[in-house]
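Enquirer: I'd like to ask you about the structure that follows.
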Amino acid sequence: MIKRFIYSQKVAPYVFVFPFVAIFLVFWVYPLLSSFGMSFQHVTLGQEAEWTGMDNYQKLMGDGVFLKSIGNSALYMVLTLVILIPFPMLLAVLINNKWMWGREFFKSAFFFPALTSVVVAGTIFRLMFGEMEGSLINSVLGVFGIEPVKFLKGHLTGFVALLALATWRWTGVNILYFLSGLKNIPEEYYEAASIDGASAFQKFTRITMPLLKPTTIYVLTISIYAGLAMFIESLMLWNGNNSPKNIGLTIVGYLYRQGIEKNNLGYAAAVGIVLLAVTMIINLTQLAFSGMFKKED
Amino acid sequence: MKKKWLMLLLVVTMTTMLWGCGKSSNSAEGKTSVLDGGAGDTATELSYWTFVELHGQHFKKMLEKWNAANPDRQIKLNVTVMPYDDMHNKLSIAVQTGVGAPDIADIEIGKFPDFLKGTPQLEPLNDVVEPYKDTIVQSQIDMYSKEGKVYGLSTHVGASVAFYNTEILKEAGVDYKSIVTWDDFKKAGMQVYEKTGKYMGTADTSAGWEASMMLAQQKSDFTDDAGKPIVNSDAMVKGLKVLKDLQDNNVIATIAGGQPDTEEAYGEFNEGKYATAFMPLWMMSRYTNYMPDLSGKIALAPIPVMEKGMPRSYGGGGTGTVVTKTAKDVQLAKDFIAYAKLSLDANIEIWNTLGFDPINMDVWNMKDVTHNPENQFVKYFVNNPFDVLNDIKDEIRLIKSTPASPTINNVLYTTTLNEIFEDGRDIKEALDDAQAQIEQELK
């Protein structure tokens, strides 16, 4: 009986899938539903929660700091997309080119930053972008006769530092995604195109880009999510969750401030649900437009 | 070929994720060390969390004395030092859920009201405070109390003073002793800037030491008697206007880090770029620890006032040591912290080890303690700190800590002061916005 059960072809797949499903249910679905419930409550740890209906959401809509954090996260997301998709793609094509020398070196050099911890990287970037004359970036600017800049105190300059960190850290990872995509494009297509007299630029736009589309969509999807969910980079760069004038406050940062720092978990749950909704709407729209939901031919 | 790439990708992503996890948990756990203080095998082990490494040193000394005096109630102390935000966040979750809290912990005054919300998950300390009540400053007990119950034991008074760099002042021909009012300070500062190109002081944006001192000298506060925020009061506007005027005349300027008590600012002070810091007395320990180049150059003096006769100081900052409800041996923990913080010995050691102004003000008059030539703080500073302290003794005002304080601090020190001193925004406008934001958040 047991033997028949174990060897049953119908049961086996479920057995193998079970661990994933169990973890998914316990650590994803349950917390998700529970936060959804919490977002309609006033929750203080260790004390009875009370239902407050839409109160948290109503408060959110009039909360200037929350709107600012959405603005910051959205801006960060858009800018990382603008930087971290085209450039890694071009670099990947360059590295993949058979005339390129030192390919292995560049691959690892670009990827290396991703191996460092954000905590360390953030701290070093904070020091580099320090407002003292002696900080690295200001010393470099000083060579060109530019006055020291208070990078981490201004909205624009703060974002420069934040994007510099993101670019430094994620370029290599995205290059890797694109390289693996490039490996899937058969060499014959390029040969055929050469015979037909296509230029390098035409080959890139007509062969490489369309065939990289699945990879691009994947990178786009995770980048949208990563951009909106960014938190630690900002936390480390400003040495805490309280950046001057909240220039570095992200949605998750605000969730952390309300939930953990102010022990207002119901309100924080509402912030989290809004973040989830925003991310889902953007990503589903994006995936629908790029035709990911269409059946394969 | 395809598979190989996929494998590499998988392996790399997985290791990156693992690396990330390992790193963050390491840095979040903090540094733990066990102090046995000469305790035997029967000693009770108590755990203690703090955000100031130096506080552990004080406990070490007091623990040795305690264990020697109480052989049947000996203690081993597990001290864990964590960064400020980290420790308070963790402690807050631990005491509220009743899981994982230490027996004893330090809570900073700015965070203390959060721990008093609802039913405090801390042990009342009234019985152990009682014997020392007459020897310590009453307001230091009230600061950590709620509805007549004391929950935290104060560390110091934190009387605020001016720290002047006499080397810079000498270069500019200024005598700090003649500075009484802000007008005097402005004149001196303009002279310093003209002669040396250095700033007389800082315009703080990330902390409220200066804002508090301006309010205190006008006998005002961030909150009214009922504890409601009044950050756009006339006194606040007037106080910040004085500072803004100083900034406009190159007397004070914003500093890296936003206030004197930050790593970046220590460096700027150490290099002699700013001549004055207006800080609570515990700033002394930062000088001796982080600004060695200024040894023998820093003099203490009362803070300037708007008009002669106004109170010249206020108690700034503070740390309350608490016993949690989940402590292993509540009575032992309570007795020990009372001994380690309130006894006369403790108050003397707090000055000796930490350089803080003790809450037992009798110590302020013990010449052999305060003027001990071997003391590192006496050696470092130009004049004796207690000469200044005893001069302003009756003028030390209290800035209240209320349930609204954490929110007020957050709004003022992340947004408002930056808008005023970095962006030059109109003071009244910025404060009105702050008041509205604070009211909205407290709803």
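FYI, nothing fancy with the structure tokens labels: chains A, B, ... in order, residues from 1 per chain, ligands from 1 as they appear.
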Could you make a table, as JSON lines, of the residues of chain A that have an atom within 6 Å of an atom of chain B, each with its nearest atom pair and distance in Å to one decimal, counting only C-alpha atoms, in chain and number order?
Expert:
```
{"residue": "A:Leu45", "atom": "CA", "partner": "B:Gln96", "partner_atom": "CA", "distance": 5.5}
{"residue": "A:Gly46", "atom": "CA", "partner": "B:Gln96", "partner_atom": "CA", "distance": 4.8}
{"residue": "A:Leu115", "atom": "CA", "partner": "B:Thr16", "partner_atom": "CA", "distance": 5.8}
{"residue": "A:Ser117", "atom": "CA", "partner": "B:Gly20", "partner_atom": "CA", "distance": 5.7}
{"residue": "A:Pro244", "atom": "CA", "partner": "B:Thr414", "partner_atom": "CA", "distance": 4.6}
{"residue": "A:Lys245", "atom": "CA", "partner": "B:Thr415", "partner_atom": "CA", "distance": 3.9}
{"residue": "A:Glu261", "atom": "CA", "partner": "B:Asn89", "partner_atom": "CA", "distance": 5.8}
```
Enquirer: Can you pull out the residues contacting Asp362 in chain B? Cut-off 9 Å, using only C-alpha atoms, and skip same-chain residues under 6 positions away; I want them as a PDB file with N, CA, C and O atoms, in the first residue's frame.
Expert:
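The resulting file, result-v9.pdb, is reproduced below:
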```
ATOM      1  N   THR B 135      18.662  62.968  48.268  1.00  0.00           N
ATOM      2  CA  THR B 135      19.999  63.341  47.828  1.00  0.00           C
ATOM      3  C   THR B 135      20.045  63.692  46.346  1.00  0.00           C
ATOM      4  O   THR B 135      21.025  64.262  45.872  1.00  0.00           O
ATOM      5  N   ILE B 136      19.023  63.315  45.573  1.00  0.00           N
ATOM      6  CA  ILE B 136      19.102  63.562  44.135  1.00  0.00           C
ATOM      7  C   ILE B 136      18.088  64.586  43.664  1.00  0.00           C
ATOM      8  O   ILE B 136      17.088  64.849  44.318  1.00  0.00           O
ATOM      9  N   LEU B 344      25.793  57.368  46.610  1.00  0.00           N
ATOM     10  CA  LEU B 344      26.811  58.415  46.568  1.00  0.00           C
ATOM     11  C   LEU B 344      28.038  57.933  45.794  1.00  0.00           C
ATOM     12  O   LEU B 344      28.578  58.645  44.947  1.00  0.00           O
TER      13      LEU B 344
END
```
Enquirer: At a cut-off of 6 Å, using only C-alpha atoms, what residues contact range 174-190 of chain B? Leave out same-chain residues fewer than 4 positions from it and give the result as an mmCIF file with N, CA, C and O atoms, in the first residue's frame.
Expert:
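Final file, around_21.cif:
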```
data_model
loop_
_atom_site.group_PDB
_atom_site.id
_atom_site.type_symbol
_atom_site.label_atom_id
_atom_site.label_comp_id
_atom_site.auth_asym_id
_atom_site.auth_seq_id
_atom_site.Cartn_x
_atom_site.Cartn_y
_atom_site.Cartn_z
ATOM 1 N N LEU B 169 40.001 81.723 19.824
ATOM 2 C CA LEU B 169 39.579 83.012 20.359
ATOM 3 C C LEU B 169 40.777 83.927 20.607
ATOM 4 O O LEU B 169 40.726 85.134 20.350
ATOM 5 N N LYS B 170 41.867 83.340 21.087
ATOM 6 C CA LYS B 170 43.069 84.140 21.357
ATOM 7 C C LYS B 170 43.591 84.745 20.057
ATOM 8 O O LYS B 170 43.939 85.921 19.982
ATOM 9 N N MET B 200 32.446 80.955 14.602
ATOM 10 C CA MET B 200 32.385 80.984 16.065
ATOM 11 C C MET B 200 31.626 79.764 16.594
ATOM 12 O O MET B 200 31.966 79.217 17.627
ATOM 13 N N VAL B 251 28.614 84.164 11.868
ATOM 14 C CA VAL B 251 29.085 83.844 13.208
ATOM 15 C C VAL B 251 28.961 82.338 13.440
ATOM 16 O O VAL B 251 29.880 81.697 13.940
ATOM 17 N N PRO B 304 25.474 82.105 26.428
ATOM 18 C CA PRO B 304 24.973 83.480 26.345
ATOM 19 C C PRO B 304 23.441 83.509 26.410
ATOM 20 O O PRO B 304 22.793 82.512 26.114
ATOM 21 N N VAL B 305 22.892 84.647 26.820
ATOM 22 C CA VAL B 305 21.430 84.767 26.900
ATOM 23 C C VAL B 305 20.974 86.005 26.126
ATOM 24 O O VAL B 305 21.782 86.846 25.763
ATOM 25 N N MET B 306 19.664 86.094 25.865
ATOM 26 C CA MET B 306 19.142 87.232 25.117
ATOM 27 C C MET B 306 19.257 88.510 25.932
ATOM 28 O O MET B 306 19.643 89.550 25.413
#
```
Enquirer: Pick out the residues sitting within 6 Å of range 316-319 of chain B, and hand them over as a list in words; count only C-alpha atoms, and ignore anything fewer than 6 positions along from it in its own chain.
Expert: Ile107, Glu108, Ile109, Ser154, Thr155, Gly158 and Pro280 of chain B
Enquirer: So, counting only C-alpha atoms, which residue among B:Val52, B:Leu63, B:Met213, B:Ala338 is closest to Met87 in chain B?
Expert: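 Of all the options, B:Val52 lies closest to Met87 in chain B.
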Enquirer: Using DSSP assignments from the backbone, pull out every residue in range 202-437 of chain B that falls under strand (DSSP E) and give it to me as a list in words.
Expert: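 Answer for range 202-437 of chain B restricted to strand (DSSP E) is Thr202, Ile252, Ala253, Thr276, Ala277, Phe278, Met279, Pro280, Ile298, Ala299, Leu300, Ala301, Ser313, Tyr314, Gly315, Thr319, Gly320, Thr321, Val322, Val323, Ile396, Arg397 and Leu398 of chain B.
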Enquirer: Only C-alpha atoms, please: the residues just picked out, written as an mmCIF file, in the first residue's frame.
Expert:
```cif
data_model
loop_
_atom_site.group_PDB
_atom_site.id
_atom_site.type_symbol
_atom_site.label_atom_id
_atom_site.label_comp_id
_atom_site.auth_asym_id
_atom_site.auth_seq_id
_atom_site.Cartn_x
_atom_site.Cartn_y
_atom_site.Cartn_z
ATOM 1 C CA THR B 202 27.422 75.764 14.703
ATOM 2 C CA ILE B 252 27.667 80.338 13.121
ATOM 3 C CA ALA B 253 27.362 77.890 10.241
ATOM 4 C CA THR B 276 32.119 76.946 20.087
ATOM 5 C CA ALA B 277 29.739 74.118 20.872
ATOM 6 C CA PHE B 278 26.650 74.659 23.009
ATOM 7 C CA MET B 279 26.135 71.233 24.497
ATOM 8 C CA PRO B 280 25.099 69.416 27.666
ATOM 9 C CA ILE B 298 38.753 74.029 25.600
ATOM 10 C CA ALA B 299 37.196 76.230 28.258
ATOM 11 C CA LEU B 300 33.692 75.922 29.666
ATOM 12 C CA ALA B 301 31.421 78.890 30.274
ATOM 13 C CA SER B 313 21.263 76.461 31.182
ATOM 14 C CA TYR B 314 18.914 73.510 30.814
ATOM 15 C CA GLY B 315 19.245 69.779 31.360
ATOM 16 C CA THR B 319 19.382 58.072 29.841
ATOM 17 C CA GLY B 320 17.043 56.155 32.118
ATOM 18 C CA THR B 321 18.110 52.714 33.277
ATOM 19 C CA VAL B 322 15.125 50.394 33.547
ATOM 20 C CA VAL B 323 14.238 46.904 34.753
ATOM 21 C CA ILE B 396 19.204 74.790 35.035
ATOM 22 C CA ARG B 397 15.789 74.587 33.401
ATOM 23 C CA LEU B 398 13.983 71.438 32.388
#
```
